[in-house]
Amino acid sequence: MPAAKKQKLVVIGNGIAGISTVEQILKLSGAFDITVIGQEPHPNYNRIMLSYVLEGTKTLDDIVLNDWKWYEDNGITLHTGTSGQRINEAAKVVMTDNGMAVPYDQVIIATGSKPFILPVPGSDKEGVIGFRTIADCTRMLQAAKTYRKAAVIGGGLLGLEAAKGLVSLGMDVTVVHLMNDLMESQLDSVAAHMLQDELERQGIRFLLGKQTVEVLGDARVTGLRFKDGDELDADLVVMAVGIRANAEVAQASGIEVRRGIVVDDYLQTSMQDVYAVGECCEHRGVCYGLVAPLFEQGQVLAKRLCGVDTPPYQGSIVSTKLKVSGVDVFSAGEFIEQPEHDVVLAKDDWKKTYKKILIRDGRIVGALLFGDVSESANLQSLIRKKAQMTDDIYHSIMGGCAGKGADAAMRIAQMPDDEIVCGCNGVTKKAIVDAVTVQGMTTVDEIKACTGATRSCGGCKPVVEQILQSVLGDGFTTAAKQGICPCTTLDRDTIVAEIRAKGLTTTKEVMHVLDWSNPEGCSKCRPALNYYLTMLNPLTHREERESRFVNERMNANIQKDGTYTVVPRMYGGVTTPEALKRIADVSLKYNVKVVKVTGGQRLDLVGVKKEDLPKVWEELDMPSGYAYAKSLRTVKTCVGSQFCRFGTQDSMGMGAYLERKFERLDFPAKFKMAVNGCPRNCAEACTKDIGIVGNDGGWEIFVGGNGGTKARLADSFCKVKTDEELIEICAALMQYYRETGNYLERTSEWVERLGLEAIREAILHKTQQRKELVGRIELALSQLSDPWKKVLEDDKLRDVLYRDVQPVVAT
């Protein structure tokens with residue numbers, strides 16, 4: 001008997017909504033021959049992660065949800081770089097803008113939305129863009145290399161994400177918003193002001209209550225003019241004032257369109273065999289611009305197309321979670337109190353947290369969280385069910401309940417199977433339970449690889465862990481233990497203890513003896529093991545270059561076009577005219593694209609070809625600045641007492657000494673220092689791993705600063721009177737971090753994990769332990785070559801930078 005002929009399913013749109021529906025269909029049926037038409041030249045990627053691409057913490061590859069091979073493996077025909085123009089109902093074909101006629105039995109329109117561009121004079125100028133696609137990200141990244149002042153019009157979720165990304169790129173950013181409160185569609189006035197305060201601390205400026213009436217400039221934007229006559233200078237303008245449903249293909253096909261493509265409770269449009277899902281559609285008068293409703297719609301549509309019984313889609317209770325800037329914000333349901341509401345409030349100005357629950361007729365109808373969003377999944381479920389408010393729920397969410405663990409277990413048990421746990425990737429509770437019970441998954445990392453849960457923003461990880469614990473029961477503690485990577489269940493402390501106890505000497509030996517599930521390891525554990533072995537055995541461990549990250553192996557930073565950047569060492573930011581001339585000569589000879597002054601007071605030679613790297617370093621004849629390594633990157637300095645009229649200490653000399661002393665040493669993560677000659681702090685010690693500030697009586701040491709994605713001001717650690725004390729304390733701090741830090745854990749995270757007082761106790765109050773730490777770091781340094789010796793031959797540098805200071809070393 002011949003096999004049944006497959007139905008031709010055409011999906012117009014290659015975004016999250018359309019492809020998540022296809023994923024559901026593939027799980028339910030193999031009865032479809034699927035063709036996907038995508039406007040962008042990329043496979044399916046996670047659009048809500050674009051802000052991370054913009055700020056530079058992720059690449060396009062990192063946010064791809066389904067790569068090219070996935071389409072091939074599932075027999076899906078993918079047409080990229082084209083869009084659906086019209087559906088010919090009579091001929092049953094989808095016409096595309098490149099002339100294709102794709103036959104169909106059913107069509108899913110999943111064209112998403114378009115950014116709304118304000119219809120004001122000048123909005124079509126160069127430098128005015130939306131924020132919706134990879135192409136938009138690329139344009140913003142390119143603009144940030146040339147221009148400094150950016151204006152983001154729109155203080156909603158998308159605008160704030162764009163603003164933070166541009167700040168991370170070094171731009172001077174002002175958010176312009178029509179309303180007086182940020183994110184007024186998701187936050188009340190209290191939470192909005194808390195959010196504004198936090199974002200201002202991170203470097204974003206705000207102009208609220210401003211209506212833009214004109215984009216200024218000739219060919220390119222130069223600024224904005226507002227209704228009140230004020231103006232703002234800007235080289236780049238990002239429009240993030242909202243989105244509109246992309247319903248063009250439906251309109252061209254005669255399908256009913258209002259705000260979006262009108263659909264019924266089974267996502268059927270007004271045309272037979274044509275459905276719509278996601279931001280492009282309008283259901284019961286509502287267009288949804290958030291992720292969770294798209295998955296809920298897709299589940300209903302997939303079951304409908306596959307002939308599986310399903311309740312109709314009845315709309316979604318939307319929730320919002322801000323996922324950028326280290327700011328945790330959540331709202332769901334109703335969040336602005338009305339006379340009919342009972343309100344439960346808790347605001348903590350010290351911890352910067354705010355919780356609000358709205359109750360109508362005894363039932364929970366909305367909530368808002370700021371700072372602590374650990375109860376967001378629970379609240380969303382309660383709001384969806386319009387649960388009766390109880391004392392137990394009150395204590396569980398607002399605090400003060402001893403049985404919180406039991407409450408969590410009960411909530412997981414009561415959670416419906418079809419409830420979406422991971423909103424970014426549309427993963428339900430049942431999918432997670434099946435991964436554990438059917439496929440034998442025992443860790444969050446395994447569940448992530450299997451289902452996609454937690455692979456995006458990570459906000460659902462606590463709930464995934466609770467589900468895992470609920471299913472495994474007594475077996476959770478051992479079976480679900482999280483290792484340093486998916487190759488092992490062993491954590492950092494256990495691995496280090498086993499290396500010591502068993503005398504292990506190579507990464508291969510560690511993986512074999514400690515029963516790695518993947519005998520070759522992975523890109524996460526191999527560098528970590530190489531570091532732990534080097535730190536533990538500085539006398540005997542042989543460097544394993546193959547276990548290094550690519551930048552460390554190449555002694556340069558790889559760029560997105562495949563070329564590299566080379567950063568020579570400049571001790572304390574000081575160099576000579578002769579060295580500058582060599583840099584210029586090499587840059588011209590090897591066609592370097594640009595020479596950039598870095599934030600660490602060095603010169604970055606951008607655009608060196610891979611094959612030229614050895615000759616470039618040879619002809620520069622300068623030590624590497626280790627801009628690529630998990631080691632001491634820079635010691636930033638001011639000119640200090642040698643030149644500055646305010647300087648009280650020799651910051652240049654001390655900075656250069658510290659840099660040349662510790663430059664060759666591996667750390668758990670990149671490590672930055674700064675030395676200031678006076679409390680004016682021109683070298684910005686407050687954002688460094690170790691920051692040093694000179695004063696009339698000596699030095700003050702700060703620890704745990706970070707100016708990156710997770711910004712943190714350094715904590716004051718101690719004050720010392722002499723150079724010798726300063727160097728000893730710094731050496732002990734570094735070695736204690738080397739011995740107790742997790743691989744890739746910055747000191748900002750390390751200080752918060754161990755606690756500042758515990759670190760003070762280990763370094764300041766236990767004198768013998770401090771001496772032993774200094775001894776161990778000196779032993780490690782003694783095994784490394786000293787590139788400073790060549791620099792000392794230069795009389796000019798030696799006169800400025802040489803310090804005859806010797807730290808106290810334990811015998």
# chains A, B, ... in the order shown; residues from 1 in each chain; ligands from 1
call {"tool": "residues_around", "arguments": {"residues": "Val286 of chain A", "least_positions_apart": "2", "cutoff": "12 Å", "atoms": "only C-alpha atoms", "output": "ChimeraX atom specification"}}
result
/A:245,258-264,278-284,288-290,293,314-318
call {"tool": "select_by_dssp", "arguments": {"residues": "segment 339-531 of chain A", "states": "strand (DSSP E)", "output": "PDB file with all heavy atoms, in the first residue's frame"}}
result
ATOM      1  N   ASP A 342      -7.491  45.159  46.220  1.00  0.00           N
ATOM      2  CA  ASP A 342      -6.728  45.095  47.462  1.00  0.00           C
ATOM      3  C   ASP A 342      -5.260  44.990  47.055  1.00  0.00           C
ATOM      4  O   ASP A 342      -4.906  44.239  46.141  1.00  0.00           O
ATOM      5  CB  ASP A 342      -7.130  43.873  48.295  1.00  0.00           C
ATOM      6  CG  ASP A 342      -8.529  44.019  48.873  1.00  0.00           C
ATOM      7  OD1 ASP A 342      -8.911  45.144  49.224  1.00  0.00           O
ATOM      8  OD2 ASP A 342      -9.245  42.997  48.952  1.00  0.00           O
ATOM      9  N   VAL A 343      -4.389  45.731  47.737  1.00  0.00           N
ATOM     10  CA  VAL A 343      -2.988  45.817  47.329  1.00  0.00           C
ATOM     11  C   VAL A 343      -2.082  45.299  48.448  1.00  0.00           C
ATOM     12  O   VAL A 343      -2.205  45.721  49.598  1.00  0.00           O
ATOM     13  CB  VAL A 343      -2.596  47.273  46.978  1.00  0.00           C
ATOM     14  CG1 VAL A 343      -1.162  47.328  46.458  1.00  0.00           C
ATOM     15  CG2 VAL A 343      -3.559  47.855  45.943  1.00  0.00           C
ATOM     16  N   VAL A 344      -1.180  44.404  48.070  1.00  0.00           N
ATOM     17  CA  VAL A 344      -0.138  43.931  48.989  1.00  0.00           C
ATOM     18  C   VAL A 344       1.186  44.501  48.510  1.00  0.00           C
ATOM     19  O   VAL A 344       1.579  44.280  47.358  1.00  0.00           O
ATOM     20  CB  VAL A 344      -0.079  42.384  49.019  1.00  0.00           C
ATOM     21  CG1 VAL A 344       1.050  41.917  49.932  1.00  0.00           C
ATOM     22  CG2 VAL A 344      -1.411  41.800  49.463  1.00  0.00           C
ATOM     23  N   LEU A 345       1.889  45.248  49.391  1.00  0.00           N
ATOM     24  CA  LEU A 345       3.107  45.960  48.987  1.00  0.00           C
ATOM     25  C   LEU A 345       4.259  45.650  49.936  1.00  0.00           C
ATOM     26  O   LEU A 345       4.053  45.477  51.142  1.00  0.00           O
ATOM     27  CB  LEU A 345       2.885  47.474  49.017  1.00  0.00           C
ATOM     28  CG  LEU A 345       2.198  48.159  47.843  1.00  0.00           C
ATOM     29  CD1 LEU A 345       1.991  49.629  48.176  1.00  0.00           C
ATOM     30  CD2 LEU A 345       3.017  48.032  46.585  1.00  0.00           C
ATOM     31  N   ALA A 346       5.457  45.591  49.363  1.00  0.00           N
ATOM     32  CA  ALA A 346       6.672  45.526  50.179  1.00  0.00           C
ATOM     33  C   ALA A 346       7.776  46.236  49.412  1.00  0.00           C
ATOM     34  O   ALA A 346       8.108  45.833  48.299  1.00  0.00           O
ATOM     35  CB  ALA A 346       7.060  44.077  50.472  1.00  0.00           C
ATOM     36  N   LYS A 347       8.358  47.295  49.992  1.00  0.00           N
ATOM     37  CA  LYS A 347       9.418  48.059  49.333  1.00  0.00           C
ATOM     38  C   LYS A 347      10.603  48.158  50.286  1.00  0.00           C
ATOM     39  O   LYS A 347      10.450  48.544  51.437  1.00  0.00           O
ATOM     40  CB  LYS A 347       8.925  49.456  48.957  1.00  0.00           C
ATOM     41  CG  LYS A 347       9.921  50.282  48.138  1.00  0.00           C
ATOM     42  CD  LYS A 347       9.253  51.560  47.631  1.00  0.00           C
ATOM     43  CE  LYS A 347      10.196  52.368  46.752  1.00  0.00           C
ATOM     44  NZ  LYS A 347      11.223  53.049  47.565  1.00  0.00           N
ATOM     45  N   ASP A 348      11.771  47.765  49.775  1.00  0.00           N
ATOM     46  CA  ASP A 348      12.995  47.759  50.574  1.00  0.00           C
ATOM     47  C   ASP A 348      14.020  48.638  49.867  1.00  0.00           C
ATOM     48  O   ASP A 348      14.610  48.242  48.862  1.00  0.00           O
ATOM     49  CB  ASP A 348      13.517  46.317  50.708  1.00  0.00           C
ATOM     50  CG  ASP A 348      14.706  46.219  51.658  1.00  0.00           C
ATOM     51  OD1 ASP A 348      15.429  47.210  51.801  1.00  0.00           O
ATOM     52  OD2 ASP A 348      14.903  45.125  52.229  1.00  0.00           O
ATOM     53  N   THR A 353      14.532  46.456  46.415  1.00  0.00           N
ATOM     54  CA  THR A 353      13.508  45.518  45.945  1.00  0.00           C
ATOM     55  C   THR A 353      12.121  46.119  46.170  1.00  0.00           C
ATOM     56  O   THR A 353      11.926  46.968  47.048  1.00  0.00           O
ATOM     57  CB  THR A 353      13.593  44.168  46.671  1.00  0.00           C
ATOM     58  OG1 THR A 353      13.383  44.360  48.086  1.00  0.00           O
ATOM     59  CG2 THR A 353      14.943  43.506  46.442  1.00  0.00           C
ATOM     60  N   TYR A 354      11.187  45.652  45.359  1.00  0.00           N
ATOM     61  CA  TYR A 354       9.809  46.158  45.403  1.00  0.00           C
ATOM     62  C   TYR A 354       8.890  45.031  44.939  1.00  0.00           C
ATOM     63  O   TYR A 354       9.133  44.409  43.897  1.00  0.00           O
ATOM     64  CB  TYR A 354       9.691  47.372  44.491  1.00  0.00           C
ATOM     65  CG  TYR A 354       8.300  47.967  44.328  1.00  0.00           C
ATOM     66  CD1 TYR A 354       7.564  48.402  45.413  1.00  0.00           C
ATOM     67  CD2 TYR A 354       7.742  48.110  43.062  1.00  0.00           C
ATOM     68  CE1 TYR A 354       6.306  48.975  45.252  1.00  0.00           C
ATOM     69  CE2 TYR A 354       6.493  48.685  42.881  1.00  0.00           C
ATOM     70  CZ  TYR A 354       5.773  49.112  43.989  1.00  0.00           C
ATOM     71  OH  TYR A 354       4.537  49.669  43.820  1.00  0.00           O
ATOM     72  N   LYS A 355       7.886  44.743  45.740  1.00  0.00           N
ATOM     73  CA  LYS A 355       6.926  43.700  45.383  1.00  0.00           C
ATOM     74  C   LYS A 355       5.513  44.248  45.544  1.00  0.00           C
ATOM     75  O   LYS A 355       5.209  44.923  46.537  1.00  0.00           O
ATOM     76  CB  LYS A 355       7.085  42.471  46.293  1.00  0.00           C
ATOM     77  CG  LYS A 355       8.445  41.800  46.235  1.00  0.00           C
ATOM     78  CD  LYS A 355       8.508  40.616  47.199  1.00  0.00           C
ATOM     79  CE  LYS A 355       9.879  39.967  47.170  1.00  0.00           C
ATOM     80  NZ  LYS A 355       9.951  38.803  48.093  1.00  0.00           N
ATOM     81  N   LYS A 356       4.671  43.957  44.567  1.00  0.00           N
ATOM     82  CA  LYS A 356       3.274  44.395  44.648  1.00  0.00           C
ATOM     83  C   LYS A 356       2.369  43.321  44.065  1.00  0.00           C
ATOM     84  O   LYS A 356       2.629  42.814  42.966  1.00  0.00           O
ATOM     85  CB  LYS A 356       3.072  45.716  43.898  1.00  0.00           C
ATOM     86  CG  LYS A 356       1.617  46.215  43.982  1.00  0.00           C
ATOM     87  CD  LYS A 356       1.474  47.650  43.508  1.00  0.00           C
ATOM     88  CE  LYS A 356       1.466  47.785  42.018  1.00  0.00           C
ATOM     89  NZ  LYS A 356       1.098  49.143  41.586  1.00  0.00           N
ATOM     90  N   ILE A 357       1.334  42.969  44.787  1.00  0.00           N
ATOM     91  CA  ILE A 357       0.339  42.007  44.310  1.00  0.00           C
ATOM     92  C   ILE A 357      -1.021  42.696  44.337  1.00  0.00           C
ATOM     93  O   ILE A 357      -1.392  43.334  45.337  1.00  0.00           O
ATOM     94  CB  ILE A 357       0.299  40.745  45.191  1.00  0.00           C
ATOM     95  CG1 ILE A 357       1.666  40.075  45.245  1.00  0.00           C
ATOM     96  CG2 ILE A 357      -0.750  39.759  44.677  1.00  0.00           C
ATOM     97  CD1 ILE A 357       1.740  38.915  46.219  1.00  0.00           C
ATOM     98  N   LEU A 358      -1.776  42.579  43.237  1.00  0.00           N
ATOM     99  CA  LEU A 358      -3.119  43.157  43.170  1.00  0.00           C
ATOM    100  C   LEU A 358      -4.151  42.036  43.271  1.00  0.00           C
ATOM    101  O   LEU A 358      -4.041  40.995  42.601  1.00  0.00           O
ATOM    102  CB  LEU A 358      -3.310  43.925  41.872  1.00  0.00           C
ATOM    103  CG  LEU A 358      -2.433  45.176  41.697  1.00  0.00           C
ATOM    104  CD1 LEU A 358      -2.819  45.926  40.439  1.00  0.00           C
ATOM    105  CD2 LEU A 358      -2.533  46.090  42.905  1.00  0.00           C
ATOM    106  N   ILE A 359      -5.155  42.271  44.099  1.00  0.00           N
ATOM    107  CA  ILE A 359      -6.169  41.262  44.390  1.00  0.00           C
ATOM    108  C   ILE A 359      -7.541  41.875  44.147  1.00  0.00           C
ATOM    109  O   ILE A 359      -7.821  42.999  44.564  1.00  0.00           O
ATOM    110  CB  ILE A 359      -6.055  40.788  45.859  1.00  0.00           C
ATOM    111  CG1 ILE A 359      -4.647  40.253  46.128  1.00  0.00           C
ATOM    112  CG2 ILE A 359      -7.106  39.727  46.181  1.00  0.00           C
ATOM    113  CD1 ILE A 359      -4.316  40.152  47.600  1.00  0.00           C
ATOM    114  N   ARG A 360      -8.391  41.149  43.444  1.00  0.00           N
ATOM    115  CA  ARG A 360      -9.778  41.575  43.249  1.00  0.00           C
ATOM    116  C   ARG A 360     -10.699  40.448  43.711  1.00  0.00           C
ATOM    117  O   ARG A 360     -10.566  39.301  43.256  1.00  0.00           O
ATOM    118  CB  ARG A 360     -10.054  41.905  41.782  1.00  0.00           C
ATOM    119  CG  ARG A 360     -11.492  42.422  41.568  1.00  0.00           C
ATOM    120  CD  ARG A 360     -11.890  42.556  40.114  1.00  0.00           C
ATOM    121  NE  ARG A 360     -11.103  43.552  39.400  1.00  0.00           N
ATOM    122  CZ  ARG A 360     -10.232  43.271  38.444  1.00  0.00           C
ATOM    123  NH1 ARG A 360     -10.024  42.009  38.094  1.00  0.00           N
ATOM    124  NH2 ARG A 360      -9.556  44.225  37.841  1.00  0.00           N
ATOM    125  N   ARG A 363      -9.020  37.298  44.744  1.00  0.00           N
ATOM    126  CA  ARG A 363      -8.228  36.520  43.794  1.00  0.00           C
ATOM    127  C   ARG A 363      -7.094  37.367  43.210  1.00  0.00           C
ATOM    128  O   ARG A 363      -7.248  38.565  42.968  1.00  0.00           O
ATOM    129  CB  ARG A 363      -9.108  35.971  42.676  1.00  0.00           C
ATOM    130  CG  ARG A 363     -10.165  35.010  43.205  1.00  0.00           C
ATOM    131  CD  ARG A 363     -10.909  34.274  42.120  1.00  0.00           C
ATOM    132  NE  ARG A 363     -11.862  33.344  42.693  1.00  0.00           N
ATOM    133  CZ  ARG A 363     -11.565  32.111  43.108  1.00  0.00           C
ATOM    134  NH1 ARG A 363     -10.323  31.661  42.966  1.00  0.00           N
ATOM    135  NH2 ARG A 363     -12.493  31.335  43.624  1.00  0.00           N
ATOM    136  N   ILE A 364      -5.958  36.714  42.956  1.00  0.00           N
ATOM    137  CA  ILE A 364      -4.767  37.409  42.469  1.00  0.00           C
ATOM    138  C   ILE A 364      -4.927  37.703  40.981  1.00  0.00           C
ATOM    139  O   ILE A 364      -5.100  36.783  40.172  1.00  0.00           O
ATOM    140  CB  ILE A 364      -3.508  36.553  42.713  1.00  0.00           C
ATOM    141  CG1 ILE A 364      -3.343  36.280  44.212  1.00  0.00           C
ATOM    142  CG2 ILE A 364      -2.264  37.239  42.155  1.00  0.00           C
ATOM    143  CD1 ILE A 364      -2.242  35.306  44.540  1.00  0.00           C
ATOM    144  N   VAL A 365      -4.870  38.984  40.610  1.00  0.00           N
ATOM    145  CA  VAL A 365      -5.091  39.371  39.210  1.00  0.00           C
ATOM    146  C   VAL A 365      -3.881  40.067  38.587  1.00  0.00           C
ATOM    147  O   VAL A 365      -3.878  40.347  37.387  1.00  0.00           O
ATOM    148  CB  VAL A 365      -6.336  40.273  39.079  1.00  0.00           C
ATOM    149  CG1 VAL A 365      -7.595  39.517  39.448  1.00  0.00           C
ATOM    150  CG2 VAL A 365      -6.182  41.545  39.932  1.00  0.00           C
ATOM    151  N   GLY A 366      -2.863  40.353  39.383  1.00  0.00           N
ATOM    152  CA  GLY A 366      -1.696  41.017  38.813  1.00  0.00           C
ATOM    153  C   GLY A 366      -0.583  41.137  39.834  1.00  0.00           C
ATOM    154  O   GLY A 366      -0.814  41.004  41.042  1.00  0.00           O
ATOM    155  N   ALA A 367       0.622  41.377  39.324  1.00  0.00           N
ATOM    156  CA  ALA A 367       1.771  41.501  40.224  1.00  0.00           C
ATOM    157  C   ALA A 367       2.882  42.272  39.543  1.00  0.00           C
ATOM    158  O   ALA A 367       2.972  42.326  38.317  1.00  0.00           O
ATOM    159  CB  ALA A 367       2.274  40.122  40.650  1.00  0.00           C
ATOM    160  N   LEU A 368       3.767  42.831  40.378  1.00  0.00           N
ATOM    161  CA  LEU A 368       4.933  43.564  39.884  1.00  0.00           C
ATOM    162  C   LEU A 368       6.084  43.302  40.849  1.00  0.00           C
ATOM    163  O   LEU A 368       5.906  43.386  42.073  1.00  0.00           O
ATOM    164  CB  LEU A 368       4.602  45.058  39.813  1.00  0.00           C
ATOM    165  CG  LEU A 368       5.508  45.961  38.974  1.00  0.00           C
ATOM    166  CD1 LEU A 368       4.748  47.222  38.566  1.00  0.00           C
ATOM    167  CD2 LEU A 368       6.754  46.356  39.739  1.00  0.00           C
ATOM    168  N   LEU A 369       7.243  42.963  40.294  1.00  0.00           N
ATOM    169  CA  LEU A 369       8.439  42.700  41.097  1.00  0.00           C
ATOM    170  C   LEU A 369       9.604  43.520  40.555  1.00  0.00           C
ATOM    171  O   LEU A 369       9.767  43.638  39.344  1.00  0.00           O
ATOM    172  CB  LEU A 369       8.816  41.212  41.052  1.00  0.00           C
ATOM    173  CG  LEU A 369       7.766  40.194  41.480  1.00  0.00           C
ATOM    174  CD1 LEU A 369       8.280  38.782  41.216  1.00  0.00           C
ATOM    175  CD2 LEU A 369       7.406  40.361  42.954  1.00  0.00           C
ATOM    176  N   PHE A 370      10.411  44.046  41.460  1.00  0.00           N
ATOM    177  CA  PHE A 370      11.641  44.748  41.066  1.00  0.00           C
ATOM    178  C   PHE A 370      12.757  44.291  41.995  1.00  0.00           C
ATOM    179  O   PHE A 370      12.598  44.264  43.203  1.00  0.00           O
ATOM    180  CB  PHE A 370      11.464  46.263  41.181  1.00  0.00           C
ATOM    181  CG  PHE A 370      12.661  47.062  40.740  1.00  0.00           C
ATOM    182  CD1 PHE A 370      12.724  47.584  39.460  1.00  0.00           C
ATOM    183  CD2 PHE A 370      13.745  47.267  41.592  1.00  0.00           C
ATOM    184  CE1 PHE A 370      13.829  48.304  39.040  1.00  0.00           C
ATOM    185  CE2 PHE A 370      14.850  47.988  41.189  1.00  0.00           C
ATOM    186  CZ  PHE A 370      14.901  48.511  39.908  1.00  0.00           C
ATOM    187  N   ILE A 420       3.985  26.941  30.149  1.00  0.00           N
ATOM    188  CA  ILE A 420       5.292  27.268  29.586  1.00  0.00           C
ATOM    189  C   ILE A 420       6.218  27.722  30.706  1.00  0.00           C
ATOM    190  O   ILE A 420       5.936  28.692  31.412  1.00  0.00           O
ATOM    191  CB  ILE A 420       5.168  28.341  28.500  1.00  0.00           C
ATOM    192  CG1 ILE A 420       4.428  27.766  27.283  1.00  0.00           C
ATOM    193  CG2 ILE A 420       6.548  28.842  28.083  1.00  0.00           C
ATOM    194  CD1 ILE A 420       4.180  28.766  26.190  1.00  0.00           C
ATOM    195  N   VAL A 421       7.308  27.014  30.877  1.00  0.00           N
ATOM    196  CA  VAL A 421       8.302  27.338  31.892  1.00  0.00           C
ATOM    197  C   VAL A 421       9.348  28.286  31.323  1.00  0.00           C
ATOM    198  O   VAL A 421       9.727  29.272  31.941  1.00  0.00           O
ATOM    199  CB  VAL A 421       8.971  26.050  32.421  1.00  0.00           C
ATOM    200  CG1 VAL A 421      10.098  26.389  33.387  1.00  0.00           C
ATOM    201  CG2 VAL A 421       7.939  25.159  33.092  1.00  0.00           C
ATOM    202  N   CYS A 422       9.847  27.970  30.120  1.00  0.00           N
ATOM    203  CA  CYS A 422      10.848  28.809  29.456  1.00  0.00           C
ATOM    204  C   CYS A 422      10.147  29.626  28.371  1.00  0.00           C
ATOM    205  O   CYS A 422       9.849  29.105  27.288  1.00  0.00           O
ATOM    206  CB  CYS A 422      11.956  27.945  28.848  1.00  0.00           C
ATOM    207  SG  CYS A 422      13.182  28.882  27.907  1.00  0.00           S
ATOM    208  N   VAL A 427       9.241  26.191  26.172  1.00  0.00           N
ATOM    209  CA  VAL A 427       9.373  24.839  26.723  1.00  0.00           C
ATOM    210  C   VAL A 427       8.391  24.674  27.882  1.00  0.00           C
ATOM    211  O   VAL A 427       8.395  25.462  28.832  1.00  0.00           O
ATOM    212  CB  VAL A 427      10.808  24.574  27.207  1.00  0.00           C
ATOM    213  CG1 VAL A 427      10.951  23.143  27.702  1.00  0.00           C
ATOM    214  CG2 VAL A 427      11.799  24.850  26.091  1.00  0.00           C
ATOM    215  N   THR A 428       7.566  23.653  27.801  1.00  0.00           N
ATOM    216  CA  THR A 428       6.551  23.415  28.824  1.00  0.00           C
ATOM    217  C   THR A 428       7.089  22.565  29.965  1.00  0.00           C
ATOM    218  O   THR A 428       8.144  21.935  29.864  1.00  0.00           O
ATOM    219  CB  THR A 428       5.339  22.691  28.224  1.00  0.00           C
ATOM    220  OG1 THR A 428       5.758  21.394  27.757  1.00  0.00           O
ATOM    221  CG2 THR A 428       4.736  23.486  27.073  1.00  0.00           C
TER     222      THR A 428
END
call {"tool": "select_by_dssp", "arguments": {"residues": "segment 129-339 of chain A", "states": "alpha helix (DSSP H)", "output": "ChimeraX atom specification"}}
result
/A:134-146,157-168,189-201,248-252,291-305
call {"tool": "residues_around", "arguments": {"residues": "segment 746-755 of chain A", "least_positions_apart": "4", "cutoff": "12 Å", "atoms": "only C-alpha atoms", "output": "MDAnalysis selection string"}}
result
chainID A and resid 630:631 667:673 686:691 702:717 733:734 736:742 759:762
call {"tool": "residues_around", "arguments": {"residues": "Arg244 of chain A", "least_positions_apart": "4", "cutoff": "7 Å", "atoms": "only C-alpha atoms", "output": "list in words"}}
result
Ser113, Lys114, Pro115 and Phe116 of chain A
call {"tool": "write_last_selection", "arguments": {"atoms": "N, CA and C atoms", "output": "tab-separated table (two decimals), in the first residue's frame"}}
result
chain	number	residue	atom	x	y	z
A	113	SER	N	6.53	41.48	13.24
A	113	SER	CA	6.18	42.89	13.29
A	113	SER	C	7.32	43.73	12.74
A	114	LYS	N	7.04	45.00	12.55
A	114	LYS	CA	8.03	45.96	12.08
A	114	LYS	C	8.15	47.09	13.11
A	115	PRO	N	9.35	47.66	13.26
A	115	PRO	CA	9.47	48.79	14.17
A	115	PRO	C	8.70	49.98	13.62
A	116	PHE	N	8.07	50.71	14.53
A	116	PHE	CA	7.33	51.91	14.14
A	116	PHE	C	8.30	53.08	14.09
call {"tool": "residues_around", "arguments": {"residues": "Val308 of chain A", "least_positions_apart": "5", "cutoff": "10 Å", "atoms": "only C-alpha atoms", "output": "list in words"}}
result
Leu28, Ser29, Val300, Leu301, Ala302 and Lys303 of chain A
call {"tool": "residues_around", "arguments": {"residues": "Leu726 of chain A", "least_positions_apart": "3", "cutoff": "12 Å", "atoms": "only C-alpha atoms", "output": "PyMOL selection string"}}
result
chain A and resi 654-655+657-658+675+690-694+698-702+717-723+729-733+764+805-808
call {"tool": "residues_around", "arguments": {"residues": "segment 222-231 of chain A", "least_positions_apart": "6", "cutoff": "7 Å", "atoms": "only C-alpha atoms", "output": "list of chain:residue names"}}
result
A:Lys210, A:Gln211, A:Thr212, A:Val213, A:Glu214, A:Val215, A:Leu216
call {"tool": "atom_distance", "arguments": {"atom1": "atom CA of Ser83 of chain A", "atom2": "atom CA of Thr96 of chain A"}}
result
5.6 Å
call {"tool": "closest_residue", "arguments": {"among": "A:Ser253, A:Val329, A:Met140, A:Val463", "to": "Gln196 of chain A", "atoms": "only C-alpha atoms"}}
result
A:Val329
call {"tool": "closest_residue", "arguments": {"among": "A:Ile63, A:Val176, A:Val107, A:Val436", "to": "Thr35 of chain A", "atoms": "only C-alpha atoms"}}
result
A:Val107
call {"tool": "atom_distance", "arguments": {"atom1": "atom CA of Thr565 of chain A", "atom2": "atom CA of Val606 of chain A"}}
result
4.3 Å
